[in-house]
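Below is run36.txt, holding compact mmCIF, C-alpha atoms (C1' of nucleotides).
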```txt
# COMPACT_ATOMS: atom_id res chain seq x y z
CA MET A 172 -27.55 29.35 -32.48
CA SER A 173 -27.60 25.65 -33.00
CA ARG A 174 -24.34 24.36 -34.33
CA SER A 175 -24.29 22.70 -37.71
CA GLY A 176 -23.51 19.09 -38.45
CA ALA A 177 -20.18 20.08 -39.91
CA ASP A 178 -19.28 21.90 -36.72
CA LEU A 179 -20.11 18.81 -34.74
CA ALA A 180 -17.77 16.80 -36.92
CA LEU A 181 -15.07 19.39 -36.41
CA LEU A 182 -15.58 19.34 -32.67
CA LEU A 183 -15.17 15.60 -32.53
CA LEU A 184 -12.11 15.72 -34.73
CA GLY A 185 -10.71 18.57 -32.70
CA GLY A 186 -11.16 16.66 -29.50
CA TYR A 187 -9.51 13.60 -30.86
CA ARG A 188 -6.62 15.58 -32.20
CA SER A 189 -6.13 17.42 -28.95
CA LEU A 190 -5.66 14.14 -27.16
CA VAL A 191 -3.56 12.52 -29.80
CA ASP A 192 -1.33 15.49 -30.46
CA ALA A 193 -0.60 15.82 -26.78
CA ALA A 194 0.28 12.15 -26.62
CA THR A 195 2.46 12.19 -29.71
CA THR A 196 4.33 15.30 -28.63
CA GLU A 197 4.86 14.16 -25.07
CA LEU A 198 5.88 10.69 -26.17
CA ALA A 199 8.43 12.15 -28.52
CA ALA A 200 9.80 14.28 -25.70
CA ARG A 201 10.23 11.16 -23.58
CA GLY A 202 12.34 9.48 -26.18
CA PHE A 203 9.66 7.66 -28.11
CA ASP A 204 9.95 9.60 -31.28
CA ASP A 205 8.51 8.32 -34.50
CA PHE A 206 5.79 6.68 -32.52
CA LYS A 207 2.44 7.51 -34.02
CA PRO A 208 -1.16 6.75 -33.16
CA VAL A 209 -1.29 3.99 -35.76
CA HIS A 210 1.45 2.25 -33.86
CA GLU A 211 -0.43 2.62 -30.65
CA PHE A 212 -3.51 1.11 -32.26
CA ALA A 213 -1.48 -1.74 -33.66
CA LEU A 214 0.11 -2.45 -30.29
CA ARG A 215 -3.28 -2.48 -28.64
CA ALA A 216 -4.60 -4.87 -31.23
CA ILE A 217 -1.64 -7.19 -30.78
CA VAL A 218 -2.09 -7.21 -27.03
CA ALA A 219 -5.76 -7.90 -27.62
CA GLY A 220 -4.78 -11.05 -29.47
CA ALA A 221 -3.91 -10.14 -33.02
CA ASP A 222 -0.79 -12.27 -33.15
CA SER A 223 -0.12 -12.37 -36.86
CA ALA A 224 0.04 -9.86 -39.69
CA SER A 225 -3.10 -11.11 -41.39
CA ASP A 226 -4.91 -11.09 -38.10
CA LEU A 227 -3.82 -7.58 -37.32
CA GLY A 228 -4.94 -6.49 -40.75
CA ARG A 229 -8.39 -7.92 -40.21
CA ARG A 230 -8.78 -6.36 -36.81
CA THR A 231 -7.69 -2.94 -37.88
CA ALA A 232 -9.50 -3.08 -41.20
CA VAL A 233 -6.48 -2.72 -43.44
CA SER A 234 -4.91 -5.13 -45.90
CA LYS A 235 -2.52 -7.70 -44.54
CA GLN A 236 0.21 -6.06 -46.56
CA ALA A 237 -0.35 -2.74 -44.86
CA ALA A 238 -0.38 -4.49 -41.50
CA ALA A 239 2.87 -6.23 -42.37
CA LYS A 240 4.49 -2.88 -43.12
CA THR A 241 3.39 -1.47 -39.79
CA ILE A 242 4.67 -4.55 -38.03
CA ALA A 243 8.00 -4.27 -39.79
CA VAL A 244 8.38 -0.77 -38.41
CA LEU A 245 7.36 -1.80 -34.91
CA VAL A 246 9.78 -4.73 -34.96
CA GLU A 247 12.58 -2.58 -36.28
CA ARG A 248 12.05 -0.11 -33.46
CA GLY A 249 11.86 -2.78 -30.81
CA TYR A 250 8.23 -2.45 -29.82
CA VAL A 251 7.20 -5.81 -31.14
CA ALA A 252 8.99 -9.14 -31.45
CA ALA A 253 8.21 -11.64 -34.17
CA SER A 254 9.09 -15.27 -33.69
CA PRO A 255 8.28 -18.30 -35.81
CA ASP A 256 5.13 -20.05 -34.73
CA PRO A 257 5.94 -23.62 -33.61
CA ASP A 258 2.49 -24.81 -34.62
CA ASP A 259 2.21 -23.17 -37.99
CA ALA A 260 5.30 -22.64 -40.09
CA ARG A 261 3.56 -20.03 -42.19
CA ARG A 262 2.91 -17.67 -39.34
CA LYS A 263 5.15 -15.41 -37.35
CA ARG A 264 3.90 -14.98 -33.87
CA LEU A 265 3.80 -11.40 -32.68
CA GLU A 266 4.47 -10.24 -29.17
CA VAL A 267 4.65 -6.81 -27.66
CA THR A 268 8.06 -6.30 -26.06
CA ALA A 269 8.82 -4.70 -22.72
CA ARG A 270 9.58 -1.49 -24.55
CA GLY A 271 6.27 -1.82 -26.34
CA PHE A 272 4.43 -2.02 -23.06
CA GLU A 273 6.47 0.89 -21.84
CA VAL A 274 5.34 3.17 -24.63
CA MET A 275 1.75 2.05 -24.22
CA ASP A 276 1.85 2.82 -20.53
CA ALA A 277 3.42 6.19 -21.16
CA GLY A 278 0.82 7.00 -23.79
CA GLU A 279 -2.01 5.99 -21.55
CA GLY A 280 -0.59 8.11 -18.77
CA ILE A 281 -0.43 11.16 -20.98
CA LEU A 282 -3.96 10.69 -22.26
CA GLU A 283 -5.12 10.22 -18.71
CA LYS A 284 -3.50 13.48 -17.74
CA VAL A 285 -5.23 15.38 -20.53
CA ARG A 286 -8.48 13.75 -19.54
CA GLU A 287 -7.86 14.94 -16.02
CA THR A 288 -7.50 18.55 -17.14
CA TRP A 289 -10.71 18.12 -19.11
CA ALA A 290 -12.44 16.83 -16.01
CA LYS A 291 -11.32 19.94 -14.18
CA GLN A 292 -12.50 22.18 -17.00
CA ILE A 293 -16.02 20.96 -17.37
CA GLY A 294 -16.46 18.87 -14.25
CA ARG A 295 -15.90 15.21 -13.61
CA ALA A 296 -19.55 14.24 -13.78
CA GLU A 297 -20.02 16.21 -16.97
CA LEU A 298 -17.08 14.51 -18.64
CA ALA A 299 -18.42 11.12 -17.60
CA GLU A 300 -21.76 12.06 -19.07
CA LEU A 301 -20.14 13.20 -22.27
CA GLU A 302 -18.32 9.89 -22.54
CA ALA A 303 -21.45 7.90 -21.82
CA ARG A 304 -23.38 9.74 -24.50
CA LEU A 305 -20.65 9.39 -27.03
CA ALA A 306 -20.48 5.71 -26.25
CA ALA A 307 -24.22 5.43 -26.76
CA LEU A 308 -23.92 7.08 -30.15
CA VAL A 309 -20.77 5.52 -31.43
CA GLY A 310 -21.15 2.28 -29.58
CA ASP A 311 -19.23 -0.69 -30.76
CA ALA A 312 -17.79 1.14 -33.69
CA ALA A 313 -15.27 2.69 -31.36
CA ILE A 314 -14.10 -0.62 -30.05
CA ARG A 315 -13.00 -2.11 -33.28
CA ILE A 316 -10.95 0.67 -34.74
CA ASP A 317 -12.39 0.67 -38.18
CA ALA A 318 -9.70 2.52 -39.96
CA PRO A 319 -6.66 3.58 -38.02
CA GLY A 320 -5.34 4.85 -41.27
CA SER A 321 -7.46 7.91 -40.90
CA ALA A 322 -5.35 8.90 -37.95
CA ALA A 323 -2.11 7.93 -39.52
CA SER A 324 -0.61 11.29 -40.15
CA ALA A 325 -1.11 12.63 -36.64
CA MET B 787 -15.81 1.62 -14.52
CA SER B 788 -14.25 4.84 -15.64
CA ARG B 789 -13.14 4.73 -19.22
CA SER B 790 -9.51 5.29 -20.03
CA GLY B 791 -8.03 8.22 -21.87
CA ALA B 792 -7.40 6.03 -24.88
CA ASP B 793 -11.04 5.00 -24.96
CA LEU B 794 -12.05 8.63 -24.92
CA ALA B 795 -9.82 9.29 -27.91
CA LEU B 796 -11.36 6.34 -29.70
CA LEU B 797 -14.86 7.56 -28.94
CA LEU B 798 -14.12 10.96 -30.39
CA LEU B 799 -12.51 9.46 -33.45
CA GLY B 800 -15.37 7.04 -33.84
CA GLY B 801 -17.89 9.82 -33.69
CA TYR B 802 -16.05 11.86 -36.23
CA ARG B 803 -15.73 8.92 -38.54
CA SER B 804 -19.39 8.04 -38.25
CA LEU B 805 -20.34 11.47 -39.47
CA VAL B 806 -17.72 11.72 -42.13
CA ASP B 807 -18.19 8.23 -43.51
CA ALA B 808 -21.90 8.83 -43.82
CA ALA B 809 -21.25 12.06 -45.65
CA THR B 810 -18.64 10.60 -47.98
CA THR B 811 -20.77 7.60 -48.86
CA GLU B 812 -23.96 9.58 -49.38
CA LEU B 813 -22.17 12.24 -51.39
CA ALA B 814 -20.70 9.59 -53.65
CA ALA B 815 -24.16 8.12 -54.14
CA ARG B 816 -25.43 11.51 -55.22
CA GLY B 817 -22.84 11.83 -57.92
CA PHE B 818 -20.13 13.60 -55.99
CA ASP B 819 -17.68 10.78 -56.01
CA ASP B 820 -14.05 11.37 -55.24
CA PHE B 821 -15.08 14.12 -52.91
CA LYS B 822 -13.36 13.68 -49.59
CA PRO B 823 -13.40 15.47 -46.27
CA VAL B 824 -10.17 17.30 -47.11
CA HIS B 825 -11.95 18.84 -50.04
CA GLU B 826 -14.82 19.89 -47.86
CA PHE B 827 -12.40 21.52 -45.44
CA ALA B 828 -10.62 23.27 -48.27
CA LEU B 829 -13.87 24.57 -49.70
CA ARG B 830 -14.91 25.87 -46.32
CA ALA B 831 -11.59 27.61 -45.90
CA ILE B 832 -11.86 29.21 -49.33
CA VAL B 833 -15.35 30.46 -48.59
CA ALA B 834 -14.02 31.76 -45.30
CA GLY B 835 -11.56 33.89 -47.20
CA ALA B 836 -8.56 31.78 -48.11
CA ASP B 837 -8.37 32.98 -51.67
CA SER B 838 -4.90 31.80 -52.64
CA ALA B 839 -2.93 28.59 -52.39
CA SER B 840 -0.47 29.93 -49.85
CA ASP B 841 -3.30 31.35 -47.84
CA LEU B 842 -5.19 28.09 -47.87
CA GLY B 843 -2.05 26.29 -46.82
CA ARG B 844 -1.62 28.56 -43.84
CA ARG B 845 -5.21 28.26 -42.77
CA THR B 846 -5.30 24.52 -42.99
CA ALA B 847 -1.81 24.07 -41.58
CA VAL B 848 -0.28 22.35 -44.57
CA SER B 849 2.48 23.45 -46.92
CA LYS B 850 1.51 25.71 -49.77
CA GLN B 851 2.54 22.95 -52.15
CA ALA B 852 0.11 20.53 -50.57
CA ALA B 853 -2.60 23.16 -50.70
CA ALA B 854 -1.82 23.77 -54.36
CA LYS B 855 -2.25 20.08 -55.08
CA THR B 856 -5.63 20.02 -53.38
CA ILE B 857 -6.68 23.11 -55.27
CA ALA B 858 -5.59 21.56 -58.54
CA VAL B 859 -7.92 18.66 -57.87
CA LEU B 860 -10.80 20.91 -56.88
CA VAL B 861 -10.35 23.05 -59.97
CA GLU B 862 -10.11 20.03 -62.21
CA ARG B 863 -13.38 18.71 -60.82
CA GLY B 864 -15.15 22.00 -61.11
CA TYR B 865 -15.59 22.82 -57.46
CA VAL B 866 -13.26 25.79 -57.47
CA ALA B 867 -12.35 28.35 -60.09
CA ALA B 868 -8.95 30.02 -60.22
CA SER B 869 -8.56 33.34 -61.98
CA PRO B 870 -5.60 35.70 -62.17
CA ASP B 871 -5.67 38.37 -59.52
CA PRO B 872 -5.90 41.81 -61.15
CA ASP B 873 -4.10 43.44 -58.24
CA ASP B 874 -1.27 40.97 -57.83
CA ALA B 875 0.13 39.14 -60.80
CA ARG B 876 1.67 36.49 -58.60
CA ARG B 877 -1.59 35.30 -57.13
CA LYS B 878 -4.41 33.26 -58.54
CA ARG B 879 -7.65 34.20 -56.94
CA LEU B 880 -9.76 31.25 -55.82
CA GLU B 881 -13.51 31.09 -55.85
CA VAL B 882 -15.91 28.32 -54.99
CA THR B 883 -18.09 27.55 -57.99
CA ALA B 884 -21.81 26.87 -58.02
CA ARG B 885 -21.06 23.19 -58.06
CA GLY B 886 -18.76 23.71 -55.12
CA PHE B 887 -21.55 25.29 -53.13
CA GLU B 888 -23.80 22.49 -54.24
CA VAL B 889 -21.57 19.81 -52.77
CA MET B 890 -21.11 21.80 -49.59
CA ASP B 891 -24.85 22.13 -49.20
CA ALA B 892 -25.37 18.46 -49.88
CA GLY B 893 -22.69 17.54 -47.37
CA GLU B 894 -24.13 19.79 -44.75
CA GLY B 895 -27.57 18.29 -45.32
CA ILE B 896 -26.26 14.79 -44.83
CA LEU B 897 -24.38 15.68 -41.68
CA GLU B 898 -27.47 17.42 -40.41
CA LYS B 899 -29.47 14.28 -40.99
CA VAL B 900 -27.04 12.14 -39.04
CA ARG B 901 -27.08 14.72 -36.29
CA GLU B 902 -30.86 14.46 -36.29
CA THR B 903 -30.73 10.71 -35.73
CA TRP B 904 -28.26 11.32 -32.93
CA ALA B 905 -30.61 13.82 -31.39
CA LYS B 906 -33.33 11.18 -31.45
CA GLN B 907 -31.02 8.61 -29.93
CA ILE B 908 -29.84 10.49 -26.90
CA GLY B 909 -32.22 13.42 -26.84
CA ARG B 910 -32.00 16.85 -28.34
CA ALA B 911 -31.05 18.61 -25.14
CA GLU B 912 -28.43 15.99 -24.37
CA LEU B 913 -26.83 16.38 -27.78
CA ALA B 914 -26.77 20.14 -27.39
CA GLU B 915 -25.10 19.67 -24.03
CA LEU B 916 -22.56 17.32 -25.52
CA GLU B 917 -21.75 19.86 -28.20
CA ALA B 918 -21.48 22.67 -25.72
CA ARG B 919 -19.09 20.70 -23.55
CA LEU B 920 -16.97 19.64 -26.45
CA ALA B 921 -16.85 23.23 -27.60
CA ALA B 922 -15.72 24.28 -24.14
CA LEU B 923 -12.94 21.72 -24.22
CA VAL B 924 -11.79 22.02 -27.77
CA GLY B 925 -12.71 25.63 -28.20
CA ASP B 926 -11.05 27.55 -30.93
CA ALA B 927 -8.95 24.64 -32.01
CA ALA B 928 -11.97 23.27 -33.82
CA ILE B 929 -12.51 26.43 -35.78
CA ARG B 930 -9.21 26.58 -37.49
CA ILE B 931 -8.85 23.04 -38.71
CA ASP B 932 -5.36 22.40 -37.57
CA ALA B 933 -4.51 19.54 -39.80
CA PRO B 934 -7.10 18.31 -42.24
CA GLY B 935 -4.48 15.89 -43.39
CA SER B 936 -5.31 13.71 -40.47
CA ALA B 937 -8.69 13.11 -42.02
CA ALA B 938 -7.38 12.73 -45.50
CA SER B 939 -7.90 9.06 -46.00
CA ALA B 940 -11.49 8.98 -44.84
C1' DT C 240 -3.96 -37.55 -51.77
C1' DC C 241 -5.32 -33.47 -53.84
C1' DG C 242 -7.65 -29.18 -54.24
C1' DT C 243 -8.50 -24.99 -51.49
C1' DT C 244 -7.39 -21.68 -48.25
C1' DT C 245 -4.26 -19.02 -45.60
C1' DC C 246 0.19 -16.83 -44.42
C1' DG C 247 3.80 -13.91 -45.42
C1' DA C 248 6.59 -11.73 -48.94
C1' DC C 249 7.51 -9.02 -53.03
C1' DA C 250 6.40 -5.66 -56.50
C1' DA C 251 4.06 -1.92 -58.64
C1' DC C 252 1.33 1.82 -57.87
C1' DC C 253 -1.74 5.74 -55.77
C1' DT C 254 -2.52 9.50 -52.66
C1' DT C 255 -1.27 13.01 -49.81
C1' DG C 256 1.78 14.89 -47.54
C1' DT C 257 6.85 16.80 -47.10
C1' DT C 258 11.45 19.80 -48.49
C1' DG C 259 14.12 22.18 -51.50
C1' DT C 260 14.74 25.09 -55.39
C1' DC C 261 13.49 28.42 -58.64
C1' DC C 262 11.57 32.57 -60.92
C1' DA C 263 8.37 36.34 -61.16
C1' DT C 264 6.34 39.85 -58.61
C1' DC C 265 5.34 42.98 -55.10
C1' DA C 266 6.67 46.22 -51.37
C1' DA C 267 9.57 48.81 -48.65
C1' DA C 268 13.85 51.11 -47.49
C1' DT C 269 17.57 53.56 -48.95
C1' DA D 1330 14.70 54.92 -58.71
C1' DT D 1331 16.91 51.06 -57.46
C1' DT D 1332 18.02 47.52 -54.62
C1' DT D 1333 16.71 44.17 -51.28
C1' DG D 1334 13.75 41.11 -49.06
C1' DA D 1335 9.44 38.62 -48.68
C1' DT D 1336 5.76 36.28 -51.05
C1' DG D 1337 3.17 33.43 -54.60
C1' DG D 1338 3.17 29.70 -57.38
C1' DA D 1339 5.45 25.91 -59.99
C1' DC D 1340 8.46 21.93 -60.44
C1' DA D 1341 11.04 18.02 -58.73
C1' DA D 1342 12.39 14.51 -55.55
C1' DC D 1343 11.06 11.96 -51.93
C1' DA D 1344 8.55 9.69 -47.61
C1' DA D 1345 4.73 7.49 -45.38
C1' DG D 1346 1.04 4.69 -45.55
C1' DG D 1347 -2.28 2.72 -47.99
C1' DT D 1348 -3.94 -0.36 -52.22
C1' DT D 1349 -4.05 -4.56 -55.55
C1' DG D 1350 -1.96 -8.47 -57.68
C1' DT D 1351 1.00 -12.40 -57.62
C1' DC D 1352 3.56 -15.99 -55.68
C1' DG D 1353 5.43 -20.11 -53.07
C1' DA D 1354 5.05 -22.61 -48.84
C1' DA D 1355 2.29 -24.59 -45.47
C1' DA D 1356 -2.07 -26.22 -43.46
C1' DC D 1357 -6.43 -28.28 -43.90
C1' DG D 1358 -10.59 -30.74 -45.53
C1' DA D 1359 -12.99 -33.75 -48.49
```
Show how you would write the structure in this file as structure tokens.
Amino acid sequence: MSRSGADLALLLLGGYRSLVDAATTELAARGFDDFKPVHEFALRAIVAGADSASDLGRRTAVSKQAAAKTIAVLVERGYVAASPDPDDARRKRLEVTARGFEVMDAGEGILEKVRETWAKQIGRAELAELEARLAALVGDAAIRIDAPGSAASA
Amino acid sequence: MSRSGADLALLLLGGYRSLVDAATTELAARGFDDFKPVHEFALRAIVAGADSASDLGRRTAVSKQAAAKTIAVLVERGYVAASPDPDDARRKRLEVTARGFEVMDAGEGILEKVRETWAKQIGRAELAELEARLAALVGDAAIRIDAPGSAASA
DNA sequence: TCGTTTCGACAACCTTGTTGTCCATCAAAT
DNA sequence: ATTTGATGGACAACAAGGTTGTCGAAACGA
């Protein structure tokens, strides 16, 4: 009984959602409510060097306006600080705050814990293999998050 | 270099998106434009027995109002037919039309083709193993699509 | 210096969800 | 048989997150 292509898609989506739902729920329980995967992605991109709204938009494949809205939320909630750029009066330099790093660390910890239970379920070597194969298939596409919007509602 | 939990999430999302983007693009090229993954999920649920808006909402974990909106679109585009239920005057019985089955078949064919290229890339046995392991991890959660909304924008 | 590009902001709008409310209808208990 | 409660579907108001278009200010390049 070979599974169909649609089932494969559902499996991948299911896996992603398992991880992300766990993270969102746990994060909310730890006081980071209203923190969604999009925010996590944005934070990661900012840490990775996306230090302006336009830049963030390019890196996360959304319009700069959409990026600006996300940033506004993150700033309002204290995860990101925006300060005027001394070298370019048009820009506002973005920085992840201590609280921003806090939520990222917490999120990573939770994901790591789920991954650990997965490792126990199917075996550490098997999980590593699964990851390696996925990486081979998806490759670089996974690194630049092409459309975080598709995970927005989670 | 063990990958982090966040990377794993990204890999899963990336894989899902690869499949779904291919399907959406190809489907549009074949004349099924404005057909999105949510619609596919809804169609599948209807075929599986969700024959009313409330029912569909329950099965896809969205409000009945949201389900009704999706149905309205599907009916308008000819993928689903709604007829009054002879046994219950409150309900409108839903049925997937011939065109609905057509788009489902086309979608499945496209996904199958992508899956085929994947099989060539990492090996048929390896892909089967990957699927089996994912199934073991995600299990039943993949069968009832918990929140198709999270894939809405794709 | 003067076009051109880029940045951030504002506005209008779309999509897809959400709640809340409402009425008609069914079903079950008295 | 009637009342009471649950359910189905519709309508309205709204939220989140995305889009495009426009704009002025600032930077940059010829």
Give me, as a Markdown table, the closest atom pair and its distance (Å, one decimal) for every residue of segment 175-250 of chain A within a cut-off of 8 Å of segment 277-297 of chain A, counting all atoms listed in the file, rows sorted by chain and rising number.
```
| residue | atom | partner | partner_atom | distance |
| --- | --- | --- | --- | --- |
| A:Leu190 | CA | A:Leu282 | CA | 6.2 |
| A:Val191 | CA | A:Leu282 | CA | 7.8 |
| A:Ala193 | CA | A:Ile281 | CA | 7.4 |
| A:Ala194 | CA | A:Ile281 | CA | 5.8 |
| A:Glu197 | CA | A:Ile281 | CA | 7.3 |
| A:Leu198 | CA | A:Gly278 | CA | 6.7 |
```
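Using all atoms listed in the file, the residues found no farther than 12 Å from DA266 of chain C, other than those of its own chain fewer than 6 positions away, are B:Asp874, D:DT1332, D:DT1333, D:DG1334, D:DA1335, D:DT1336.
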- Task: Write down, as a list in words, each residue of chain B that has any atom within 7 Å of an atom of chain D, counting only C-alpha atoms (C1' of nucleotides).
- Result: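 Residues satisfying the distance criterion: Ser840, Arg876 and Arg877 of chain B.
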- Task: May I ask which of the residues C:DA251, C:DA263, C:DG256, C:DC241 is the closest one to chain A, counting all atoms listed in the file?
- Result: C:DG256
- Length of the atom CA of Asp192 of chain A to atom CA of Asp222 of chain A vector [Å]: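 Computing the Euclidean distance for atom CA of Asp192 of chain A and atom CA of Asp222 of chain A yields 27.9 Å.
In terms of minimum interatomic distance to chain A, C:DC246 ranks closest within C:DC246, C:DT260, C:DA268, C:DC252, counting all atoms listed in the file.
Going from atom CA of Glu826 of chain B to atom C1' of DT257 of chain C covers 21.9 Å.
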- Pick out the chain B residues within 10 Å of chain C. Count all atoms listed in the file. Give them as a PyMOL selection string. chain B and resi 848-849+851-853+855-856+873-877+935+938-939
Could the residues in this selection be saved with C-alpha atoms as a PDB file, in the coordinates of the input?
```pdb
ATOM      1  CA  VAL B 848      -0.280  22.350 -44.570  1.00  0.00           C
ATOM      2  CA  SER B 849       2.480  23.450 -46.920  1.00  0.00           C
ATOM      3  CA  GLN B 851       2.540  22.950 -52.150  1.00  0.00           C
ATOM      4  CA  ALA B 852       0.110  20.530 -50.570  1.00  0.00           C
ATOM      5  CA  ALA B 853      -2.600  23.160 -50.700  1.00  0.00           C
ATOM      6  CA  LYS B 855      -2.250  20.080 -55.080  1.00  0.00           C
ATOM      7  CA  THR B 856      -5.630  20.020 -53.380  1.00  0.00           C
ATOM      8  CA  ASP B 873      -4.100  43.440 -58.240  1.00  0.00           C
ATOM      9  CA  ASP B 874      -1.270  40.970 -57.830  1.00  0.00           C
ATOM     10  CA  ALA B 875       0.130  39.140 -60.800  1.00  0.00           C
ATOM     11  CA  ARG B 876       1.670  36.490 -58.600  1.00  0.00           C
ATOM     12  CA  ARG B 877      -1.590  35.300 -57.130  1.00  0.00           C
ATOM     13  CA  GLY B 935      -4.480  15.890 -43.390  1.00  0.00           C
ATOM     14  CA  ALA B 938      -7.380  12.730 -45.500  1.00  0.00           C
ATOM     15  CA  SER B 939      -7.900   9.060 -46.000  1.00  0.00           C
TER      16      SER B 939
END
```
- atom CA of Glu300 of chain A and atom CA of Arg215 of chain A are how many Å apart? 25.4 Å
- Message: Env of Tyr250 of chain A: 9 Å cut, atoms = all atoms listed in the file, seq-sep filter 6 positions within chain, self excluded. Answer as a ChimeraX atom specification.
- Response: /A:214,244,266-274
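Considering the residues B:Asp793, B:Asp841, B:Glu862, B:Asp871 and counting only C-alpha atoms, chain A has its shortest atom-to-atom contact with B:Asp793.
Minimum atom-to-atom distances from B:Arg863, B:Arg879, B:Arg816, B:Lys822 to chain A were compared using only C-alpha atoms, and the lowest value belongs to B:Lys822.
Remark: for chain A, the closest of the candidate residues B:Val833, B:Pro823, B:Gly817, B:Leu860 is B:Pro823 (distances computed over only C-alpha atoms).
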- Spatial neighbours of Tyr187 of chain A, 8 Å, only C-alpha atoms (C1' of nucleotides), chain gap at least 5 places, as a list in words: Ala795, Leu796, Leu798 and Leu799 of chain B
- For chain A, the nearest of the candidates B:Gly864, B:Leu880, B:Thr810, B:Ala792, counting only C-alpha atoms: B:Ala792
Please complete segment 838-853 of chain B so it has N, CA and C atoms, and hand it over as a PDB file, in the frame of the given file.
```
ATOM      1  N   SER B 838      -6.089  32.168 -51.877  1.00  0.00           N
ATOM      2  CA  SER B 838      -4.900  31.800 -52.640  1.00  0.00           C
ATOM      3  C   SER B 838      -4.327  30.510 -52.059  1.00  0.00           C
ATOM      4  N   ALA B 839      -3.469  29.881 -52.820  1.00  0.00           N
ATOM      5  CA  ALA B 839      -2.930  28.590 -52.390  1.00  0.00           C
ATOM      6  C   ALA B 839      -2.131  28.740 -51.089  1.00  0.00           C
ATOM      7  N   SER B 840      -1.282  29.730 -51.045  1.00  0.00           N
ATOM      8  CA  SER B 840      -0.470  29.930 -49.850  1.00  0.00           C
ATOM      9  C   SER B 840      -1.365  30.180 -48.639  1.00  0.00           C
ATOM     10  N   ASP B 841      -2.363  31.004 -48.884  1.00  0.00           N
ATOM     11  CA  ASP B 841      -3.300  31.350 -47.840  1.00  0.00           C
ATOM     12  C   ASP B 841      -4.019  30.100 -47.315  1.00  0.00           C
ATOM     13  N   LEU B 842      -4.488  29.316 -48.245  1.00  0.00           N
ATOM     14  CA  LEU B 842      -5.190  28.090 -47.870  1.00  0.00           C
ATOM     15  C   LEU B 842      -4.270  27.180 -47.074  1.00  0.00           C
ATOM     16  N   GLY B 843      -3.019  27.106 -47.529  1.00  0.00           N
ATOM     17  CA  GLY B 843      -2.050  26.290 -46.820  1.00  0.00           C
ATOM     18  C   GLY B 843      -1.907  26.742 -45.374  1.00  0.00           C
ATOM     19  N   ARG B 844      -1.765  28.047 -45.199  1.00  0.00           N
ATOM     20  CA  ARG B 844      -1.620  28.560 -43.840  1.00  0.00           C
ATOM     21  C   ARG B 844      -2.839  28.228 -43.000  1.00  0.00           C
ATOM     22  N   ARG B 845      -3.995  28.458 -43.568  1.00  0.00           N
ATOM     23  CA  ARG B 845      -5.210  28.260 -42.770  1.00  0.00           C
ATOM     24  C   ARG B 845      -5.457  26.806 -42.433  1.00  0.00           C
ATOM     25  N   THR B 846      -5.011  25.925 -43.277  1.00  0.00           N
ATOM     26  CA  THR B 846      -5.300  24.520 -42.990  1.00  0.00           C
ATOM     27  C   THR B 846      -4.050  23.807 -42.489  1.00  0.00           C
ATOM     28  N   ALA B 847      -3.025  24.610 -42.192  1.00  0.00           N
ATOM     29  CA  ALA B 847      -1.810  24.070 -41.580  1.00  0.00           C
ATOM     30  C   ALA B 847      -1.135  22.997 -42.414  1.00  0.00           C
ATOM     31  N   VAL B 848      -1.090  23.229 -43.712  1.00  0.00           N
ATOM     32  CA  VAL B 848      -0.280  22.350 -44.570  1.00  0.00           C
ATOM     33  C   VAL B 848       0.617  23.254 -45.412  1.00  0.00           C
ATOM     34  N   SER B 849       1.575  22.664 -46.082  1.00  0.00           N
ATOM     35  CA  SER B 849       2.480  23.450 -46.920  1.00  0.00           C
ATOM     36  C   SER B 849       1.700  24.025 -48.091  1.00  0.00           C
ATOM     37  N   LYS B 850       2.221  25.102 -48.647  1.00  0.00           N
ATOM     38  CA  LYS B 850       1.510  25.710 -49.770  1.00  0.00           C
ATOM     39  C   LYS B 850       1.490  24.763 -50.957  1.00  0.00           C
ATOM     40  N   GLN B 851       2.509  23.928 -51.060  1.00  0.00           N
ATOM     41  CA  GLN B 851       2.540  22.950 -52.150  1.00  0.00           C
ATOM     42  C   GLN B 851       1.401  21.946 -52.032  1.00  0.00           C
ATOM     43  N   ALA B 852       1.203  21.478 -50.799  1.00  0.00           N
ATOM     44  CA  ALA B 852       0.110  20.530 -50.570  1.00  0.00           C
ATOM     45  C   ALA B 852      -1.222  21.190 -50.879  1.00  0.00           C
ATOM     46  N   ALA B 853      -1.359  22.430 -50.436  1.00  0.00           N
ATOM     47  CA  ALA B 853      -2.600  23.160 -50.700  1.00  0.00           C
ATOM     48  C   ALA B 853      -2.794  23.298 -52.202  1.00  0.00           C
TER      49      ALA B 853
END
```
